[in-house]
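Text of work.cif (mmCIF, C-alpha atoms) as supplied:
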```cif
data_model
#
loop_
_atom_site.group_PDB
_atom_site.id
_atom_site.type_symbol
_atom_site.label_atom_id
_atom_site.label_comp_id
_atom_site.auth_asym_id
_atom_site.auth_seq_id
_atom_site.Cartn_x
_atom_site.Cartn_y
_atom_site.Cartn_z
ATOM 1 C CA MET A 852 -31.438 23.703 -19.860
ATOM 2 C CA SER A 853 -32.898 20.264 -19.155
ATOM 3 C CA SER A 854 -31.939 18.484 -15.944
ATOM 4 C CA LYS A 855 -30.182 15.667 -17.871
ATOM 5 C CA LEU A 856 -28.177 18.139 -19.955
ATOM 6 C CA LYS A 857 -27.270 20.077 -16.825
ATOM 7 C CA GLU A 858 -26.109 16.901 -15.067
ATOM 8 C CA SER A 859 -24.062 15.950 -18.128
ATOM 9 C CA THR A 860 -22.443 19.395 -18.240
ATOM 10 C CA ILE A 861 -21.565 19.219 -14.536
ATOM 11 C CA ALA A 862 -20.136 15.709 -14.940
ATOM 12 C CA SER A 863 -18.002 16.822 -17.910
ATOM 13 C CA SER A 864 -16.768 19.819 -15.929
ATOM 14 C CA ASN A 865 -15.835 17.617 -12.962
ATOM 15 C CA LEU A 866 -13.997 15.188 -15.252
ATOM 16 C CA LYS A 867 -12.075 18.070 -16.848
ATOM 17 C CA SER A 868 -11.138 19.347 -13.373
ATOM 18 C CA ARG A 869 -9.768 15.961 -12.326
ATOM 19 C CA SER A 870 -7.860 15.755 -15.608
ATOM 20 C CA ASP A 871 -6.289 19.194 -15.112
ATOM 21 C CA GLU A 872 -5.283 18.378 -11.554
ATOM 22 C CA GLY A 873 -3.885 15.009 -12.606
ATOM 23 C CA ILE A 874 -1.674 16.651 -15.225
ATOM 24 C CA ILE A 875 -0.312 19.134 -12.676
ATOM 25 C CA VAL A 876 0.391 16.381 -10.141
ATOM 26 C CA GLU A 877 2.106 14.180 -12.730
ATOM 27 C CA ARG A 878 4.277 16.979 -14.140
ATOM 28 C CA ILE A 879 5.473 18.151 -10.727
ATOM 29 C CA TYR A 880 6.043 14.595 -9.479
ATOM 30 C CA LYS A 881 8.027 13.705 -12.602
ATOM 31 C CA ALA A 882 10.113 16.884 -12.441
ATOM 32 C CA VAL A 883 11.022 16.170 -8.811
ATOM 33 C CA MET A 884 11.869 12.518 -9.490
ATOM 34 C CA GLU A 885 14.043 13.495 -12.471
ATOM 35 C CA GLN A 886 15.837 16.060 -10.276
ATOM 36 C CA ARG A 887 14.683 18.968 -12.467
ATOM 37 C CA LEU A 888 12.881 20.552 -9.515
ATOM 38 C CA ALA A 889 15.239 20.967 -6.573
ATOM 39 C CA PRO A 890 14.303 20.767 -2.875
ATOM 40 C CA LYS A 891 12.920 24.034 -1.447
ATOM 41 C CA THR A 892 11.814 25.306 -4.884
ATOM 42 C CA LYS A 893 8.785 27.543 -4.374
ATOM 43 C CA LEU A 894 5.700 26.490 -6.341
ATOM 44 C CA SER A 895 3.885 29.769 -6.833
ATOM 45 C CA GLU A 896 0.161 29.335 -7.374
ATOM 46 C CA ALA A 897 0.069 32.246 -9.815
ATOM 47 C CA ARG A 898 2.922 30.855 -11.901
ATOM 48 C CA LEU A 899 1.434 27.368 -11.898
ATOM 49 C CA CYS A 900 -1.910 28.779 -13.055
ATOM 50 C CA GLU A 901 -0.124 30.565 -15.894
ATOM 51 C CA THR A 902 1.981 27.525 -16.807
ATOM 52 C CA PHE A 903 -0.945 25.095 -16.964
ATOM 53 C CA GLY A 904 -3.643 27.524 -18.063
ATOM 54 C CA VAL A 905 -5.984 26.673 -15.171
ATOM 55 C CA GLY A 906 -7.610 28.446 -12.243
ATOM 56 C CA ARG A 907 -6.301 28.585 -8.688
ATOM 57 C CA MET A 908 -8.765 25.966 -7.451
ATOM 58 C CA HIS A 909 -7.245 23.325 -9.757
ATOM 59 C CA VAL A 910 -3.734 24.259 -8.655
ATOM 60 C CA ARG A 911 -4.642 24.187 -4.969
ATOM 61 C CA ARG A 912 -6.246 20.754 -5.242
ATOM 62 C CA ALA A 913 -3.177 19.434 -7.072
ATOM 63 C CA LEU A 914 -0.872 20.864 -4.410
ATOM 64 C CA LEU A 915 -2.960 19.230 -1.677
ATOM 65 C CA LEU A 916 -2.597 15.856 -3.436
ATOM 66 C CA LEU A 917 1.154 16.324 -3.749
ATOM 67 C CA ALA A 918 1.399 17.333 -0.093
ATOM 68 C CA SER A 919 -0.498 14.188 0.944
ATOM 69 C CA GLN A 920 2.160 12.156 -0.907
ATOM 70 C CA GLY A 921 5.005 13.986 0.808
ATOM 71 C CA ILE A 922 6.282 15.407 -2.491
ATOM 72 C CA ILE A 923 5.760 19.030 -1.457
ATOM 73 C CA GLU A 924 5.296 20.925 1.785
ATOM 74 C CA LEU A 925 2.565 23.506 2.374
ATOM 75 C CA GLN A 926 3.864 26.218 4.689
ATOM 76 C CA SER A 927 1.419 28.523 6.452
ATOM 77 C CA ASN A 928 1.410 32.037 4.977
ATOM 78 C CA ARG A 929 4.341 31.131 2.701
ATOM 79 C CA GLY A 930 2.945 28.748 0.106
ATOM 80 C CA ALA A 931 4.093 25.455 -1.406
ATOM 81 C CA TYR A 932 7.680 24.221 -1.674
ATOM 82 C CA VAL A 933 9.286 21.044 -2.986
ATOM 83 C CA ALA A 934 9.925 18.875 0.071
ATOM 84 C CA CYS A 935 13.438 18.794 1.452
ATOM 85 C CA PRO A 936 13.945 15.734 3.687
ATOM 86 C CA ASP A 937 17.167 15.825 5.654
ATOM 87 C CA GLU A 938 19.531 13.006 6.567
ATOM 88 C CA SER A 939 17.792 12.425 9.900
ATOM 89 C CA GLU A 940 14.421 11.951 8.216
ATOM 90 C CA ALA A 941 15.934 9.622 5.621
ATOM 91 C CA ASN A 942 17.491 7.531 8.395
ATOM 92 C CA ASP A 943 14.136 7.374 10.192
ATOM 93 C CA VAL A 944 12.375 6.198 7.036
ATOM 94 C CA PHE A 945 14.848 3.383 6.443
ATOM 95 C CA ALA A 946 14.836 2.435 10.142
ATOM 96 C CA ALA A 947 11.048 2.105 10.012
ATOM 97 C CA ARG A 948 11.283 -0.061 6.918
ATOM 98 C CA MET A 949 13.855 -2.273 8.629
ATOM 99 C CA LEU A 950 11.381 -2.880 11.447
ATOM 100 C CA ILE A 951 8.583 -3.874 9.055
ATOM 101 C CA GLU A 952 9.933 -5.490 5.883
ATOM 102 C CA PRO A 953 12.431 -8.171 7.012
ATOM 103 C CA PRO A 954 9.910 -9.960 9.258
ATOM 104 C CA LEU A 955 7.287 -9.408 6.567
ATOM 105 C CA VAL A 956 9.201 -11.345 3.894
ATOM 106 C CA ARG A 957 10.152 -14.000 6.473
ATOM 107 C CA GLN A 958 6.451 -14.582 7.104
ATOM 108 C CA MET A 959 5.743 -14.659 3.375
ATOM 109 C CA ALA A 960 8.463 -17.274 2.789
ATOM 110 C CA GLN A 961 6.878 -19.464 5.441
ATOM 111 C CA SER A 962 3.559 -19.499 3.544
ATOM 112 C CA PRO A 963 4.212 -18.655 -0.133
ATOM 113 C CA ASP A 964 1.057 -20.487 -1.241
ATOM 114 C CA ASN A 965 -0.954 -17.564 0.172
ATOM 115 C CA ILE A 966 0.789 -15.071 -2.140
ATOM 116 C CA ASP A 967 0.101 -14.197 -5.764
ATOM 117 C CA LEU A 968 3.628 -14.944 -7.012
ATOM 118 C CA THR A 969 2.592 -14.456 -10.645
ATOM 119 C CA LEU A 970 1.593 -10.857 -9.936
ATOM 120 C CA LEU A 971 5.001 -10.155 -8.380
ATOM 121 C CA THR A 972 6.843 -11.904 -11.228
ATOM 122 C CA GLU A 973 4.974 -9.848 -13.825
ATOM 123 C CA HIS A 974 5.774 -6.698 -11.870
ATOM 124 C CA ILE A 975 9.502 -7.477 -11.952
ATOM 125 C CA ALA A 976 9.209 -7.872 -15.742
ATOM 126 C CA LEU A 977 7.815 -4.323 -15.905
ATOM 127 C CA GLU A 978 10.808 -3.077 -13.895
ATOM 128 C CA ASP A 979 13.215 -4.787 -16.305
ATOM 129 C CA ALA A 980 11.468 -3.200 -19.290
ATOM 130 C CA ALA A 981 11.677 0.273 -17.707
ATOM 131 C CA ARG A 982 15.396 -0.201 -17.071
ATOM 132 C CA LYS A 983 16.010 -1.156 -20.696
ATOM 133 C CA MET A 984 14.228 2.027 -21.793
ATOM 134 C CA ASN A 985 16.110 4.041 -19.116
ATOM 135 C CA GLU A 986 12.838 5.599 -17.903
ATOM 136 C CA ARG A 987 14.022 7.056 -14.596
ATOM 137 C CA THR A 988 10.640 8.132 -13.232
ATOM 138 C CA GLU A 989 9.006 4.821 -14.117
ATOM 139 C CA ILE A 990 11.946 2.878 -12.667
ATOM 140 C CA ILE A 991 11.633 4.668 -9.324
ATOM 141 C CA ARG A 992 7.840 4.226 -9.266
ATOM 142 C CA LEU A 993 7.938 0.517 -10.101
ATOM 143 C CA SER A 994 10.812 -0.191 -7.714
ATOM 144 C CA GLY A 995 8.842 1.251 -4.832
ATOM 145 C CA GLU A 996 5.613 -0.382 -5.954
ATOM 146 C CA PHE A 997 7.206 -3.835 -5.692
ATOM 147 C CA HIS A 998 7.557 -3.299 -1.945
ATOM 148 C CA THR A 999 3.964 -2.115 -1.523
ATOM 149 C CA LYS A 1000 2.784 -5.178 -3.464
ATOM 150 C CA LEU A 1001 4.725 -7.401 -1.074
ATOM 151 C CA ALA A 1002 2.864 -5.787 1.818
ATOM 152 C CA GLN A 1003 -0.469 -5.887 -0.014
ATOM 153 C CA SER A 1004 -0.112 -9.608 -0.687
ATOM 154 C CA THR A 1005 -0.250 -10.330 3.063
ATOM 155 C CA GLY A 1006 -3.828 -9.063 3.200
ATOM 156 C CA ASN A 1007 -3.015 -6.836 6.186
ATOM 157 C CA LYS A 1008 -4.485 -3.437 5.293
ATOM 158 C CA PHE A 1009 -2.671 -1.591 8.084
ATOM 159 C CA VAL A 1010 0.730 -2.923 7.058
ATOM 160 C CA PHE A 1011 -0.067 -2.037 3.452
ATOM 161 C CA ARG A 1012 -0.964 1.554 4.363
ATOM 162 C CA MET A 1013 2.186 2.000 6.421
ATOM 163 C CA MET A 1014 4.350 0.573 3.649
ATOM 164 C CA ARG A 1015 2.719 2.730 1.006
ATOM 165 C CA GLU A 1016 3.524 5.868 2.984
ATOM 166 C CA LEU A 1017 7.098 4.744 3.697
ATOM 167 C CA VAL A 1018 7.717 3.766 0.074
ATOM 168 C CA THR A 1019 6.363 7.095 -1.189
ATOM 169 C CA ARG A 1020 8.732 8.935 1.138
ATOM 170 C CA THR A 1021 11.608 6.688 0.097
ATOM 171 C CA SER A 1022 10.900 7.352 -3.583
ATOM 172 C CA LEU A 1023 11.079 11.093 -2.913
ATOM 173 C CA ILE A 1024 14.380 10.719 -1.056
ATOM 174 C CA VAL A 1025 15.852 8.527 -3.820
ATOM 175 C CA GLY A 1026 14.567 10.877 -6.508
ATOM 176 C CA LEU A 1027 16.177 13.863 -4.813
ATOM 177 C CA PHE A 1028 19.417 12.386 -3.549
ATOM 178 C CA GLY A 1029 20.081 9.233 -5.564
ATOM 179 C CA SER A 1030 22.383 9.296 -8.567
ATOM 180 C CA SER A 1031 21.164 8.193 -11.994
ATOM 181 C CA GLU A 1032 22.849 4.843 -11.359
ATOM 182 C CA ASN A 1033 21.024 4.466 -8.035
ATOM 183 C CA ALA A 1034 17.619 5.728 -9.144
ATOM 184 C CA SER A 1035 15.979 2.421 -8.332
ATOM 185 C CA CYS A 1036 16.348 -0.768 -6.392
ATOM 186 C CA PRO A 1037 19.485 -2.561 -7.708
ATOM 187 C CA ASP A 1038 19.028 -5.065 -10.549
ATOM 188 C CA ASP A 1039 18.096 -8.642 -9.618
ATOM 189 C CA GLU A 1040 17.615 -7.949 -5.907
ATOM 190 C CA HIS A 1041 13.829 -8.046 -6.192
ATOM 191 C CA SER A 1042 14.068 -11.260 -8.198
ATOM 192 C CA ASN A 1043 16.340 -12.824 -5.587
ATOM 193 C CA ILE A 1044 13.981 -11.907 -2.745
ATOM 194 C CA LEU A 1045 11.017 -13.321 -4.628
ATOM 195 C CA GLU A 1046 12.928 -16.532 -5.399
ATOM 196 C CA ALA A 1047 13.775 -16.987 -1.699
ATOM 197 C CA ILE A 1048 10.063 -16.627 -0.896
ATOM 198 C CA ARG A 1049 9.163 -19.106 -3.639
ATOM 199 C CA LEU A 1050 11.722 -21.607 -2.262
ATOM 200 C CA ARG A 1051 10.273 -21.281 1.269
ATOM 201 C CA ASN A 1052 13.553 -19.990 2.704
ATOM 202 C CA PRO A 1053 12.604 -17.453 5.422
ATOM 203 C CA GLU A 1054 16.178 -16.856 6.624
ATOM 204 C CA LEU A 1055 17.456 -16.078 3.124
ATOM 205 C CA ALA A 1056 14.479 -13.874 2.258
ATOM 206 C CA GLU A 1057 15.013 -11.825 5.418
ATOM 207 C CA LYS A 1058 18.776 -11.567 4.849
ATOM 208 C CA LEU A 1059 18.320 -10.450 1.242
ATOM 209 C CA LEU A 1060 15.736 -7.838 2.242
ATOM 210 C CA ILE A 1061 18.042 -6.329 4.876
ATOM 211 C CA SER A 1062 20.932 -6.214 2.406
ATOM 212 C CA HIS A 1063 18.591 -4.722 -0.186
ATOM 213 C CA LEU A 1064 17.508 -1.813 2.018
ATOM 214 C CA ASN A 1065 21.110 -1.154 3.058
ATOM 215 C CA HIS A 1066 22.099 -1.103 -0.607
ATOM 216 C CA ILE A 1067 19.448 1.500 -1.451
ATOM 217 C CA GLN A 1068 20.371 3.743 1.483
ATOM 218 C CA SER A 1069 24.107 3.553 0.796
ATOM 219 C CA GLY A 1070 23.489 4.871 -2.732
ATOM 220 C CA LEU A 1071 22.158 8.198 -1.438
ATOM 221 C CA ASP A 1072 24.164 11.395 -1.294
ATOM 222 C CA MET A 1073 22.346 13.586 1.209
ATOM 223 C CA THR A 1074 24.930 16.366 0.761
ATOM 224 C CA SER A 1075 23.911 16.837 -2.870
ATOM 225 C CA ARG A 1076 21.535 19.787 -2.938
ATOM 226 C CA GLN A 1077 20.611 21.787 -6.000
ATOM 227 C CA ALA A 1078 19.733 25.452 -5.755
ATOM 228 C CA PRO A 1079 15.970 26.137 -5.986
ATOM 229 C CA GLN A 1080 14.835 26.965 -9.536
ATOM 230 C CA ASP A 1081 12.781 29.927 -10.713
ATOM 231 C CA ASP A 1082 11.692 29.064 -14.263
ATOM 232 C CA LEU A 1083 8.725 26.811 -13.529
ATOM 233 C CA ALA A 1084 7.251 27.306 -16.989
ATOM 234 C CA ALA A 1085 10.361 25.889 -18.679
ATOM 235 C CA ILE A 1086 10.522 22.941 -16.261
ATOM 236 C CA LEU A 1087 6.819 22.054 -16.122
ATOM 237 C CA GLY A 1088 5.638 23.213 -19.535
ATOM 238 C CA SER A 1089 4.173 20.936 -22.199
ATOM 239 C CA GLU A 1090 6.203 17.804 -22.941
#
```
Could you render the structure as structure tokens?
Amino acid sequence: MSSKLKESTIASSNLKSRSDEGIIVERIYKAVMEQRLAPKTKLSEARLCETFGVGRMHVRRALLLLASQGIIELQSNRGAYVACPDESEANDVFAARMLIEPPLVRQMAQSPDNIDLTLLTEHIALEDAARKMNERTEIIRLSGEFHTKLAQSTGNKFVFRMMRELVTRTSLIVGLFGSSENASCPDDEHSNILEAIRLRNPELAEKLLISHLNHIQSGLDMTSRQAPQDDLAAILGSE
């Protein structure tokens, strides 16, 4: 085999591997967000290999990616389980966001010319479209992404990284313990926050953000816990 053909074969194999892992990550993430995979459900490597028709290496890489996002937990000598945040952890996540986001939007409202308002406006349009289509997973993803885009627009990479981690954890908590009606940030609240920033009203932007986070947290039912499921093939099989 020529060196160029060999390199091409290796590249195709690597691309296929990333594709397989991406499918596994997406299916598990979506099943958790749609509350089809309950907290503490065991994700057996053997059963995942059988379900997706891939080898253990692909499954293990996918599980590592999901663990890095806080979607699952890898327990030593026990395997992988869907994460199960408790009320204390949820309170800590929202407390951390309260420390970061209200002063963040206050600062943004003081200098809105430094922000790409068009990008945020277009993002809100995507949220509205997802709501009209009742796409629960997409609604949750876009709702959280709005907050990371707010942080990203400041240009502070450390704040952005912290917010991305907090938003990912919040999305998991909302996906697990939010009702269908509270699957996302409430309608119009993002638009109102953005409008306060556009109008250079720091006090209003901060007030709306605090009310917004309280609204999201109050919509959670941390006592609602499904029993772990066993039929992974039926839940994660081809769509």
**Request:** Report as a list in words the full result of the PyMOL selection byres ((chain A and resi 1062) around 12) when it is applied to this structure.
**Result:**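 Output from the PyMOL selection byres ((chain A and resi 1062) around 12), applied to this file: Met949, Glu952, Pro953, Cys1036, Pro1037, Glu1040, His1041, Asn1043, Ile1044, Leu1055, Ala1056, Glu1057, Lys1058, Leu1059, Leu1060, Ile1061, His1063, Leu1064, Asn1065, His1066, Ile1067, Gln1068 and Ser1069 of chain A.
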**Item:** Selection near stretch 990-1005 of chain A, 7 Å with all atoms listed in the file, sequence-local residues under 3 positions removed, as a PyMOL selection string
**Value:** chain A and resi 966-967+974+978+981-982+986-987+1010-1011+1014-1015+1018+1022+1034-1036
**Message:** Give me, as a VMD selection string, all polymer residues having an atom no more than 6 Å from A:Phe1028, counting all atoms listed in the file and skipping those fewer than 5 positions away in the same chain.
**Reply:** chain A and resid 1071 to 1073
**Request:** Compile the contact shell of A:Pro890 as a count of residues only: residues with an atom at most 12 Å away, counting only C-alpha atoms, same-chain residues fewer than 2 positions apart removed.
**Result:** 31
**Message:** Taking 6 positions as the minimum chain separation for residues in the same chain, which residues sit within 8 Å of stretch 1047-1049 of chain A when counting all atoms listed in the file? Answer as a ChimeraX atom specification.
**Reply:** /A:956-957,959-961,963,968,1055-1056
**Request:** Using all atoms listed in the file, pick whichever of A:Ser1042, A:Ser870, A:Gln926, A:Thr902 has the shortest atom-to-atom distance to A:Ala976.
**Result:** A:Ser1042
**Message:** Given only C-alpha atoms as the basis, pick out the residue of A:Glu896, A:Asp964, A:Glu1046, A:Glu989 nearest to A:Arg912.
**Reply:** A:Glu896
**Message:** I want to know what sits within 10 Å of A:Val910, based on only C-alpha atoms, with residues of the same chain fewer than 6 positions away left out; could you give that as number ranges by chain?
**Reply:** A: 871-872, 875-876, 894-900, 903-904, 916
Generate a file of the selected residues that holds C-alpha atoms, formatted as a compact mmCIF listing (two decimals), keeping the file's coordinate frame.
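The resulting file, part16.txt, is reproduced below:
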```
# COMPACT_ATOMS: atom_id res chain seq x y z
CA ASP A 871 -6.29 19.19 -15.11
CA GLU A 872 -5.28 18.38 -11.55
CA ILE A 875 -0.31 19.13 -12.68
CA VAL A 876 0.39 16.38 -10.14
CA LEU A 894 5.70 26.49 -6.34
CA SER A 895 3.88 29.77 -6.83
CA GLU A 896 0.16 29.34 -7.37
CA ALA A 897 0.07 32.25 -9.82
CA ARG A 898 2.92 30.86 -11.90
CA LEU A 899 1.43 27.37 -11.90
CA CYS A 900 -1.91 28.78 -13.06
CA PHE A 903 -0.94 25.10 -16.96
CA GLY A 904 -3.64 27.52 -18.06
CA LEU A 916 -2.60 15.86 -3.44
```
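Of the listed residues (A:Leu1050, A:Gly873, A:Asp1081, A:Lys891), A:Leu1050 comes nearest to A:Ser962; the distances count all atoms listed in the file.
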